[in-house]
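*Asks:* Could you have a look at this structure, given as structure tokens, before my questions?
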Amino acid sequence: MVLDARMVRAKPDEVEAALRSRGLEGSLDEFLRLDEQRRALQARADELKSFRNRASSEVAALKRSGQDTTELQARVRDTGVRIKELDTQIEELEARAAEILLRLPNLPHSSVPRGSGDADNVEVRRWGTPRQFDFVPLPHWDLGPALDILDFERAAKLSGARFTVYKGLGARLERALINFMLDMHVDRHGYREVFPPFMVTSACMMGTGQLPKFAEDMFKLEDRDLYLVPTAEVPLTNLYRDEILSASQLPMYLTAYTACFRAEAGSHGRDTRGVIRQHQFNKVELVKLTTPEQSYDELEKLTRDAEQVLQALELPYRVVVLCTGDMGFSAAKTYDLEVWLPSYQDYKEISSCSNCEDFQARRANIRYRPDAKARPQFVHTLNGSGVAVGRTVAAILENYQQEDGSVIIPTALRPYMAGMEVIPAGPQREE
């Protein structure tokens, strides 16, 4: 299940209001209709089972007294057939109702601002001041090719639109950022590094909420139950699918680098220049498994962990809390980190940090036992980009460019670039 079916049945008006705030008017109507039918059939089936039990006892008593039981036994057999028919109908109704719940998003936390889109998101804080240029800065989609470190034309030759080839110092910059982010999250923030497969099963995609609703946005292997990962959130969270953890294991901090693959079927024409919205991109992900009591404190910490990457690179950014109408499917609350990009003269998302509460844990059946005698409870899952690597490359190129076409390398990144301080102007020498 996505949502707790018992809660939906007990508080349909509250759940409907919460879904309405996410732009889903009347989304419970069909579920409630099916559930009412199921309950009516279940009541009838229970009545018949009770009759069958009583009649079976009566048959036994009549046989002991030597009386004819032919008619009563026939009624018991007919009742059994009818019970089987009702049980089949009930199973079908339950499956249809469960499918509806699987396609419904998480309910927003009470602190999430109500709204219909990104215009209703609320800024929380800013860090750094956008640079004022005394020359006309280039967008990264022009600057990268001019330096011969990003090659969009050859990427299109290899793979089609919305791919990038990183070359020379561009490839090195991308690799440096991955290692820099992983080291920060492992050494300073206490995450455990994982290097997971880049392909996962449909059960994993179901567990974190990509399936069934967003199948068209995923890349699936033909004739195989395998999908390319859209984010490391999927394998990291599903590491503990169908497991019961101990309270001593929580909170659990995990981080991973993966390439990410997204068809993004509904995003044609949006941010398709440069590396902002690609079918394949690199990302360092942060995932936490926590108790319900810890999860919102851990969301604040996770967000700060992602922010420290941008602070270390001295990239101006802001933090916004997403409104109900702009949150992702699995999230109960989300902070977006938006980095300043001169080419847009605006802030663009570079990380989303979300608390999914028990939404994913219910789907993936991830539980913990508060103590040795307690019944297992669902964990809360959190995730966030720590951060998107390609967009960080774009932000560095645009914010650190110089009038002569060179690009200064951020101080914190220089140890990962063999001490190099600048990407010199002009096409880079072929390695």
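Convention: chains lettered A, B, ... in structure tokens order; per-chain residue numbering from 1; ligands numbered from 1 as shown.
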Do you know which residues are at most 9 Å from Glu307 in chain A counting only C-alpha atoms, after dropping those on the same chain fewer than 3 positions away, and could you put them as a list in words?

*Replies:*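 In the requested format, the answer is Leu302, Thr303, Arg304, Leu310, Gln311, Ala312, Tyr317, Val319, Leu337, Ser351, Gly386 and Val387 of chain A.
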
*Asks:* Taking the backbone alone, and naming residues the way the document does, which bits of range 177-370 of chain A are alpha helix (DSSP H) by DSSP, as a VMD selection string?

*Replies:* chain A and resid 177 to 183 202 to 208 233 to 238 295 to 312 359 to 364

*Asks:* Between CA of Ala306 in chain A and CA of Ala176 in chain A, what distance in Å does the model show, to one decimal?

*Replies:*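 Computed distance, CA of Ala306 in chain A to CA of Ala176 in chain A, equals 16.8 Å.
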
*Asks:* Have a look at CA of Met199 in chain A and CA of Gly168 in chain A and let me know their distance in Å, one decimal.

*Replies:*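 According to the coordinates, CA of Met199 in chain A and CA of Gly168 in chain A are separated by 27.9 Å.
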
*Asks:* Out of A:Ile409, A:Leu104, A:Val76, A:Val284, which residue has the shortest atom-to-atom distance to Leu313 in chain A when counting only C-alpha atoms?

*Replies:*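 That would be A:Ile409, the residue with the smallest distance to Leu313 in chain A.
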
*Asks:* Name the residues in contact with Gly426 in chain A at a cut-off of 12 Å, using only C-alpha atoms, excluding same-chain residues fewer than 2 positions from it; report them as a count of residues only.

*Replies:* 17

*Asks:* Would you kindly return, as a PyMOL selection string, each protein, DNA or RNA residue with an atom no farther than 9 Å from any atom of range 24-29 of chain A, considering only C-alpha atoms and excluding same-chain residues fewer than 2 positions away?

*Replies:* chain A and resi 8+12+15-22+31-34+100-101+104

*Asks:* Emit the selected residues as a tab-separated table (two decimals), in the first residue's frame, including N, CA and C atoms.

*Replies:*
chain	number	residue	atom	x	y	z
A	8	VAL	N	-7.28	5.63	5.80
A	8	VAL	CA	-8.17	6.15	4.76
A	8	VAL	C	-9.62	5.83	5.09
A	12	PRO	N	-11.68	9.43	6.06
A	12	PRO	CA	-11.71	9.73	4.61
A	12	PRO	C	-11.77	11.23	4.32
A	15	VAL	N	-8.23	12.71	4.78
A	15	VAL	CA	-7.35	12.27	3.70
A	15	VAL	C	-7.73	12.95	2.39
A	16	GLU	N	-9.01	13.05	2.12
A	16	GLU	CA	-9.47	13.71	0.89
A	16	GLU	C	-9.04	15.17	0.87
A	17	ALA	N	-9.13	15.87	2.01
A	17	ALA	CA	-8.71	17.27	2.08
A	17	ALA	C	-7.21	17.40	1.82
A	18	ALA	N	-6.43	16.48	2.38
A	18	ALA	CA	-4.98	16.51	2.17
A	18	ALA	C	-4.64	16.27	0.71
A	19	LEU	N	-5.33	15.33	0.07
A	19	LEU	CA	-5.08	15.07	-1.34
A	19	LEU	C	-5.56	16.22	-2.21
A	20	ARG	N	-6.64	16.85	-1.80
A	20	ARG	CA	-7.14	18.02	-2.55
A	20	ARG	C	-6.09	19.14	-2.55
A	21	SER	N	-5.36	19.27	-1.44
A	21	SER	CA	-4.32	20.30	-1.38
A	21	SER	C	-3.17	20.00	-2.33
A	22	ARG	N	-3.10	18.77	-2.79
A	22	ARG	CA	-2.10	18.37	-3.78
A	22	ARG	C	-2.67	18.36	-5.19
A	31	PHE	N	-12.01	4.59	-4.60
A	31	PHE	CA	-11.55	3.71	-3.52
A	31	PHE	C	-12.66	3.49	-2.50
A	32	LEU	N	-13.32	4.57	-2.09
A	32	LEU	CA	-14.37	4.45	-1.08
A	32	LEU	C	-15.56	3.65	-1.60
A	33	ARG	N	-15.87	3.81	-2.89
A	33	ARG	CA	-16.97	3.03	-3.49
A	33	ARG	C	-16.63	1.54	-3.48
A	34	LEU	N	-15.40	1.22	-3.90
A	34	LEU	CA	-14.98	-0.18	-3.91
A	34	LEU	C	-14.92	-0.74	-2.50
A	100	ILE	N	-5.55	1.58	-6.63
A	100	ILE	CA	-5.85	3.01	-6.50
A	100	ILE	C	-4.92	3.66	-5.49
A	101	LEU	N	-4.74	3.02	-4.33
A	101	LEU	CA	-3.87	3.58	-3.29
A	101	LEU	C	-2.43	3.66	-3.77
A	104	LEU	N	-1.80	6.95	-5.47
A	104	LEU	CA	-2.03	8.18	-4.73
A	104	LEU	C	-0.76	8.63	-4.03

*Asks:* Name all residues at most 8 Å from Leu226 in chain A (count only C-alpha atoms; drop same-chain ones fewer than 6 positions away) and give them as a compact mmCIF listing (two decimals) with N, CA and C atoms, in the first residue's frame.

*Replies:*
# COMPACT_ATOMS: atom_id res chain seq x y z
N MET A 199 21.01 -0.92 -11.96
CA MET A 199 19.75 -1.49 -12.43
C MET A 199 19.04 -2.12 -11.25
N VAL A 200 17.72 -1.94 -11.19
CA VAL A 200 16.93 -2.49 -10.10
C VAL A 200 15.65 -3.12 -10.65
N THR A 201 15.02 -3.95 -9.83
CA THR A 201 13.79 -4.63 -10.25
C THR A 201 12.58 -3.71 -10.07
N SER A 202 11.46 -4.15 -10.63
CA SER A 202 10.23 -3.38 -10.49
C SER A 202 9.79 -3.32 -9.03
N LYS A 220 13.38 1.14 -19.05
CA LYS A 220 13.26 -0.28 -18.72
C LYS A 220 13.99 -1.12 -19.74

*Asks:* Rounded to one decimal, what separation in Å do you get between CA of Leu150 in chain A and CA of Pro427 in chain A?

*Replies:* 10.5 Å

*Asks:* Under the rule that only C-alpha atoms are counted, which of A:Leu289, A:Ile244, A:Val339, A:Val234 is the nearest residue to Ala374 in chain A?

*Replies:*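 Among the listed residues, A:Ile244 lies closest to Ala374 in chain A.
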
*Asks:* Going by DSSP on the backbone, which bits of range 266-400 of chain A are strand (DSSP E or B)? Write them as a PyMOL selection string, please.

*Replies:* chain A and resi 280-290+317-321+333-341+346-355+366-369+377-378+380-388

*Asks:* Save out the residues we just selected, C-alpha atoms, as a tab-separated table (two decimals), in the first residue's frame.

*Replies:*
chain	number	residue	atom	x	y	z
A	280	GLN	CA	21.67	10.61	-18.00
A	281	PHE	CA	23.41	12.53	-15.22
A	282	ASN	CA	25.52	11.91	-12.14
A	283	LYS	CA	24.37	12.48	-8.58
A	284	VAL	CA	25.51	11.84	-5.04
A	285	GLU	CA	22.50	10.82	-2.96
A	286	LEU	CA	21.80	10.88	0.77
A	287	VAL	CA	19.31	8.46	2.35
A	288	LYS	CA	18.27	8.07	5.97
A	289	LEU	CA	16.19	5.45	7.76
A	290	THR	CA	14.90	6.73	11.10
A	317	TYR	CA	21.97	29.38	-3.22
A	318	ARG	CA	18.63	29.58	-1.50
A	319	VAL	CA	16.46	27.07	0.35
A	320	VAL	CA	12.72	26.87	-0.30
A	321	VAL	CA	10.07	24.67	1.26
A	333	LYS	CA	7.78	17.59	3.23
A	334	THR	CA	10.53	18.81	0.90
A	335	TYR	CA	13.20	21.48	0.96
A	336	ASP	CA	14.71	22.41	-2.40
A	337	LEU	CA	18.19	23.86	-2.65
A	338	GLU	CA	18.42	26.20	-5.63
A	339	VAL	CA	21.81	27.37	-6.88
A	340	TRP	CA	22.30	30.72	-8.61
A	341	LEU	CA	22.87	30.40	-12.37
A	346	ASP	CA	17.64	32.99	-11.27
A	347	TYR	CA	18.03	30.14	-8.81
A	348	LYS	CA	17.67	26.59	-10.21
A	349	GLU	CA	17.11	23.40	-8.25
A	350	ILE	CA	20.25	21.44	-7.43
A	351	SER	CA	18.95	19.30	-4.56
A	352	SER	CA	15.63	18.15	-3.11
A	353	CYS	CA	15.64	16.95	0.50
A	354	SER	CA	12.51	15.08	1.56
A	355	ASN	CA	10.96	13.28	4.48
A	366	ILE	CA	10.83	-1.79	5.97
A	367	ARG	CA	10.22	-2.04	9.70
A	368	TYR	CA	12.07	-1.78	12.99
A	369	ARG	CA	11.49	-3.18	16.44
A	377	GLN	CA	6.77	-0.57	13.24
A	378	PHE	CA	7.45	1.09	9.91
A	380	HIS	CA	10.56	6.73	8.23
A	381	THR	CA	12.67	7.22	5.09
A	382	LEU	CA	14.38	10.43	4.00
A	383	ASN	CA	16.36	11.26	0.89
A	384	GLY	CA	18.15	14.18	-0.69
A	385	SER	CA	20.64	15.01	-3.42
A	386	GLY	CA	24.01	15.72	-1.97
A	387	VAL	CA	24.12	17.14	-4.70
A	388	ALA	CA	23.42	16.86	-8.47

*Asks:* If you count only C-alpha atoms, which residues fall within 9 Å of range 411-418 of chain A, apart from same-chain ones fewer than 4 positions away, as a ChimeraX atom specification?

*Replies:* /A:169,172-173,175-177,179-180,312-314

*Asks:* Give me, as a list in words, all polymer residues having an atom no more than 7 Å from Ser330 in chain A, counting only C-alpha atoms and skipping those fewer than 5 positions away in the same chain.

*Replies:*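 Returned residues: Pro105, Asn106, Gly209, Cys356, Phe359 and Gln360 of chain A.
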
*Asks:* Using only C-alpha atoms, pick whichever of A:Ile276, A:Ala232, A:Ala161, A:Ile83 has the shortest atom-to-atom distance to Val393 in chain A.

*Replies:*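 Distance minimum relative to Val393 in chain A lands on A:Ile276.
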
*Asks:* Looking at only C-alpha atoms, which of A:Gln278, A:Gln89, A:Ser57, A:Thr69 is the one that sits closest to Ala263 in chain A?

*Replies:* A:Gln278
